[in-house]
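Student: Once you've had a glance at the structure underneath, I'll fire off some questions.
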Amino acid sequence: MSSKPRPFQIATVEAAVTALTSKGSRRFLVADEVGLGKTTVAREVVSRLSRGGQKRFTVYYITNNTRVSDQNASRLVDFLGDKRTKQRALSKVDRLSLIPLDQRVDDQEPPSPLRLYSLAPQTSFPHEGTRPTPGAAVERAFLGLLLDRAVPGLLERLPDGFIQQRATVSWEGARRTAQKLMGGIDPKLVQTYRNALKARFNPEGKRPSLRDRIAAAAATKPEARTLTVLRRLLAEACLEATPPDLVIFDEFQRFREMLTPAATDRLGRALLGVGRRRPAMLLLSATPYRLYGDSWDGKDGPQAHEELFDTIEFLTLSRDIRERAEQLFASFGEILRAIGDGPGDAIDPGLKARAEATRDQIEALLRPCIARTERPPNSGQHHLTNRAPLPLTPADLRTFKHFARKVSDRNKAAAAAYWLSVPLPAQALGARYKIADKIEFDRTAGVPALGSVRRSGDGKGGWGSPKLRALQALASPPDLALPWVAPSINWWPLAGPWKDRPSQKTLLFSRFRATPQSVAALISLGVEDAYLDTSATGRRRPWESKRLAPQSGLPVMALFHPSPFLVRATDPLKGNCTTAHFALRTVSGQLRSELRSLGISVRSKPKKDAKRARPLWNLIAAIEHRSGDYVLTQDAWRKAAGSEAVLGRIIADREEIEGFSERGRNDWISAEELRRLAELALSSPAVAVARSLFRHFPAAIGSGQIDRMVWFCWHRLRPYLDNRVFWGRLGAGHPTEVVLAAVRDGGLESVLDEHFWLSLGQMDASQLIDDLGSALHASLGWFTFRGLPTSTKTVRIRCHAAVPFSGTDSVDSEAAQRALNEPDLEAPPRAEGLRRAFNTPFWPHVLATTSIGQEGLDFHSWCRRIVHWDLPANPIDLEQREGRISRYGGLLVRRPLGMEVAPQALLAAGSGRSPWGEAAALGEALFPNQTGLSPWWTFKDADVDRHVLALSKSRDVPRFDHLQRQRLLYRLALGQPNQEDLVNHLARGSDHKIIAMSNLALDLRPRFVGVDD
């Protein structure tokens, strides 16, 4: 899918570049609505300012969410073209104080002119306050080496273990890494660091010496605080040595204190360019002011609106503009209240004219430094929400009583909230939660409980959770046990397990951290219980099946052989494919014709010859000898076999297979062999993958690429499909026949064509197969429940069909540290790996998260269903949640677009091109609009499949209605004190009046874009 900027994004880029290259403040805010591609705008700005990456240019990309950084950093340099150039532009270091280690003395390639550093406020700009942190082990190791050079003799005066801190096993590795990389350090950095130390510890240059003063500080103050000071000074020196040309603050409202550093904060002021040349600064945020809320988050208060004016003053560097903005917003708010107080549904014309005039003045004041594009409003969204009241069962009440009676009196008020949100709270809430910590829960008859031994049907009642029971009905085991979801364009009618199942993925948002883990584990367990043997003996079996192991014989080898001959010779779209039967006839005819061109005929008589059936693995090898593909595929299989003994023997035996004789002889295959060969060409998973990739990347089956294709099919696709859950869901039969039927009935080739087309906007075509392999191999994880009674053995449950997107911080941090030692490391941190896996049509099918997945992340590729397990605190959080799936080219728009253009797209794809490439071209030609929002952001019937889980008569039912009404009005509260009061005041009006008032909201689209959509 093309990632080229659309008209509204081009307009924003022009406005941003104009501001960032002017003689003014050189600061600009992109505040586009959630999901409209702020990262694309930032990428184009980086490209323009760095002259396409040819100019020496340093970018600091700062965000407090490492998951957002993992996702977006590589996208910011997409314009560079080839993969290696992009890799060299992206730094592996993750904190400011380690930037000097970024330049390697053993690098053979010249440094990239463009360099982008992904930094987090907490690690690169640590606070000296009440909770100082000592930093990472490799950072402290580097700090110690630099201190030894800057202040000779200091290390001997520091307390024992001062630099090492609590690092034990990792310390020697950290020291080796730092020592290895110190050879490339600029000598000027040592002096710069010494100067920073002097300015902090000995500005007068008097006795005691600098060395003695630092040693005394380390001895008399808490060690972590002194270490934090030394780290900040190192960061200051590194900033001076490698100053940024552009600073990008992504979702800056989460760390807005960095925009207004104190007068004593030398590091913060240096970043902003105080007293020196200011870098250009690009701010990204859909909500560039603090969110108002309710009692859940305590964010309400009259001071919240001041943050907008702080941002305006930061962007303009003008107190006068700030004061003018305050006056205009105050006037606007008074007019809005008067409109809200007016009788009836109509708005007084005089008040409307005053409101519009004031709004226009605000827009003219802010447009030079702020741009915001929004989707056209949809006032009917509440009609698209599924919110059937959830009934309570006796088991639900028993579960609540079992949990609440043990909770301390101090925490009893919170017991209901935890029970309603966290399934099996007595077992899922661990030591992290004070409400359950050190409490001994017992096992009680009639109360659902998870044990090491389970009975069939244990979880069918939702484990005492009405919300889990509703989710089990919504995302049912039959859907979750499918190995992939249905395509948006069917090449022929789906059948078997996919028939009449509009399968899709589910994104779930909750309040407590324990909820995603408990929900994902229990949903996955429900899938296992539905399709696996749940007896004690059955559970002890290995998770992976062995049905597709090489020991299963040559049929399995043929199943996962991406034959270049079959890929080139066959394409069901080049003939009649209205049904799977006709598609098979098309492929059979193509094979017959291609074999004839190779001098190989098909015998239908005599009956003896017509029924001959050599193993397909052997037959394909013989044909590839004739087609010229044998040498490439044989070499690829040798590499894939590696040290696997059984596979190695099969590949060695393949060399003994006799090929067809020289051309001119009467070589033939039987009619039965042609039938089976055609079935393999249409329904083999390996050929489906290779042919779908071939449409986007013709070199995929050629020299230099076929190795990766064979390796993927054998080491990634085969193990993924060889899953006991899938076997249980797909039905009985011979493994090869079951897999062939699944590929045909589930439209795997159509699914893969859609996925590869979608991924092309984010990576090179040569990376597609490796990226998919990484997703299929993602570590999905486990969750451990406490036993009942609590003192008994814990219960560990696999998460696979459903996974939690939380609790991965330590793994992500370890991956970032490994990147310093392994510059070519490409394995993503676990959270990013989970996101990538969810954004494929394969497992996991449910992703459960808290607010940690609420901002800046993409989950839209194969998901259009969102479940509000717990309601958000305010309408802005509601919009942020749904913005995760309402994004560029998501399933939300592809499903209805595919229905509109499928016949024409499939007809056009008969030339060998991608159906989704043709569908995209048709969509843009048939459904354009002036801004470029259609068809990829807005489209007819592109509605979020929204579900609110609330008990019957729960306050959550009217609360959600209120949130939806607030959603239409909250933008009017921008810049107003007591924002929630104003929105609630306006929301009392009729639906007609609310819609009319919502049209008075600010329009900060750049003037390059017309207002008529």
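Letters A, B, ... go to the chains of the structure tokens in the order shown; residues in each chain start at 1; ligands are counted from 1 in the same order.
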Do a neighbour search on Arg256 in chain A at 12 Å with only C-alpha atoms, toss out local chain neighbours closer than 5 positions, and write the hits as a list of chain:residue names.
Tutor: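 The residues satisfying every condition are A:Ile62, A:Thr63, A:Asn64, A:Pro121, A:Phe249, A:Asp250, A:Glu251, A:Pro261, A:Gly268, A:Leu283, A:Leu284, A:Ser285, A:Pro288, A:Tyr289, A:Arg290, A:Glu307, A:Leu308, A:Asp310, A:Thr311, A:Phe314.
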Student: If we count only C-alpha atoms and set the cut-off at 8 Å, which residues sit around Ser563 in chain A, ignoring sequence neighbours fewer than 5 positions away in its own chain? Please answer as a ChimeraX atom specification.
Tutor: /A:620,633,687
Student: Apply DSSP to the backbone of this structure and, from range 78-213 of chain A, keep only the residues in alpha helix (DSSP H); write these as a VMD selection string.
Tutor: chain A and resid 83 to 89 121 to 124 137 to 150 154 to 157 169 to 181 187 to 201 210 to 213
Student: Applying 10 Å and only C-alpha atoms, which residues near Asp635 in chain A remain after dropping the ones on its own chain fewer than 4 positions away? List them as a PDB file with N, CA and C atoms, in the first residue's frame.
Tutor:
ATOM      1  N   TYR A 630      15.717 -26.507 -10.956  1.00  0.00           N
ATOM      2  CA  TYR A 630      16.145 -27.509  -9.982  1.00  0.00           C
ATOM      3  C   TYR A 630      17.362 -27.063  -9.179  1.00  0.00           C
ATOM      4  N   VAL A 631      18.368 -26.544  -9.815  1.00  0.00           N
ATOM      5  CA  VAL A 631      19.610 -26.194  -9.115  1.00  0.00           C
ATOM      6  C   VAL A 631      19.336 -25.156  -8.031  1.00  0.00           C
ATOM      7  N   LYS A 639      20.308 -25.332   2.226  1.00  0.00           N
ATOM      8  CA  LYS A 639      20.515 -24.284   3.236  1.00  0.00           C
ATOM      9  C   LYS A 639      19.440 -24.339   4.315  1.00  0.00           C
ATOM     10  N   ALA A 640      18.220 -24.604   3.910  1.00  0.00           N
ATOM     11  CA  ALA A 640      17.134 -24.674   4.884  1.00  0.00           C
ATOM     12  C   ALA A 640      17.289 -25.874   5.806  1.00  0.00           C
ATOM     13  N   ALA A 641      17.827 -26.960   5.293  1.00  0.00           N
ATOM     14  CA  ALA A 641      17.981 -28.173   6.106  1.00  0.00           C
ATOM     15  C   ALA A 641      18.974 -27.973   7.231  1.00  0.00           C
ATOM     16  N   ILE A 651      16.580 -34.260   1.403  1.00  0.00           N
ATOM     17  CA  ILE A 651      17.128 -33.364   0.381  1.00  0.00           C
ATOM     18  C   ILE A 651      18.235 -34.072  -0.394  1.00  0.00           C
ATOM     19  N   ILE A 706      14.992 -17.076  -3.552  1.00  0.00           N
ATOM     20  CA  ILE A 706      14.297 -18.344  -3.333  1.00  0.00           C
ATOM     21  C   ILE A 706      14.766 -19.016  -2.045  1.00  0.00           C
ATOM     22  N   ASP A 707      16.010 -18.756  -1.628  1.00  0.00           N
ATOM     23  CA  ASP A 707      16.501 -19.325  -0.368  1.00  0.00           C
ATOM     24  C   ASP A 707      15.637 -18.869   0.799  1.00  0.00           C
TER      25      ASP A 707
END
Student: Using only C-alpha atoms, which protein or nucleic acid residues come within 8 Å of Tyr720 in chain A? Drop anything in the same chain fewer than 3 positions from it, and give the result as an MDAnalysis selection string.
Tutor: chainID A and resid 716:717 723 776:777
Student: Kindly indicate which residue among A:Arg322, A:Arg207, A:Ser47, A:Pro478 lies nearest to Gly81 in chain A, using only C-alpha atoms for the distances.
Tutor: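 Going through A:Arg322, A:Arg207, A:Ser47, A:Pro478 one by one, the smallest distance to Gly81 in chain A is for A:Ser47.
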Student: I need the strand (DSSP E or B) residues of range 159-283 of chain A per DSSP on the backbone, written as a ChimeraX atom specification.
Tutor: /A:246-250,280-283
Student: Measuring between only C-alpha atoms, which one of A:Asn839, A:Thr220, A:Thr444, A:Ser488 shows the shortest distance to Ser759 in chain A?
Tutor: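 That would be A:Asn839, the residue with the smallest distance to Ser759 in chain A.
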Student: Give me the residues near Ala549 in chain A as a short mmCIF file (atom, residue, chain, number, x, y, z; two decimals) with N, CA, C and O atoms, in the first residue's frame, where near means some atom within 10 Å (using only C-alpha atoms) and where sequence neighbours in that chain fewer than 5 positions away do not count.
Tutor:
data_model
loop_
_atom_site.label_atom_id
_atom_site.label_comp_id
_atom_site.auth_asym_id
_atom_site.auth_seq_id
_atom_site.Cartn_x
_atom_site.Cartn_y
_atom_site.Cartn_z
N VAL A 556 4.37 -34.08 2.74
CA VAL A 556 4.59 -32.84 3.49
C VAL A 556 5.65 -31.99 2.81
O VAL A 556 5.53 -30.76 2.74
N MET A 557 6.68 -32.61 2.28
CA MET A 557 7.73 -31.86 1.59
C MET A 557 7.13 -31.12 0.38
O MET A 557 7.44 -29.93 0.16
N VAL A 646 16.97 -35.63 9.45
CA VAL A 646 15.95 -36.26 8.61
C VAL A 646 15.72 -35.43 7.35
O VAL A 646 15.68 -35.96 6.23
N LEU A 647 15.58 -34.13 7.53
CA LEU A 647 15.37 -33.26 6.37
C LEU A 647 16.58 -33.32 5.44
O LEU A 647 16.44 -33.34 4.21
N TRP A 714 9.42 -23.54 5.31
CA TRP A 714 9.71 -24.71 6.14
C TRP A 714 9.84 -24.35 7.62
O TRP A 714 9.32 -25.06 8.48
N ARG A 718 5.30 -23.70 8.13
CA ARG A 718 4.98 -25.09 8.52
C ARG A 718 4.79 -25.23 10.03
O ARG A 718 3.76 -25.79 10.46
N PRO A 719 5.74 -24.75 10.89
CA PRO A 719 5.50 -24.88 12.33
C PRO A 719 4.25 -24.13 12.80
O PRO A 719 3.57 -24.57 13.72
N ASP A 722 1.30 -26.30 11.99
CA ASP A 722 1.31 -27.60 12.67
C ASP A 722 0.96 -27.41 14.14
O ASP A 722 1.78 -27.62 15.03
#
Student: Nearest to Thr316 in chain A among A:Arg675, A:Arg547, A:Arg432, A:Lys23, with distances taken over only C-alpha atoms: which residue is it?
Tutor: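 Smallest separation from Thr316 in chain A among the options: A:Lys23.
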Student: Nearest to Arg387 in chain A: which of A:Ala732, A:Ala137, A:Leu788, A:Ala950 is it, counting only C-alpha atoms?
Tutor: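 Counting only C-alpha atoms, the residue closest to Arg387 in chain A is A:Ala950.
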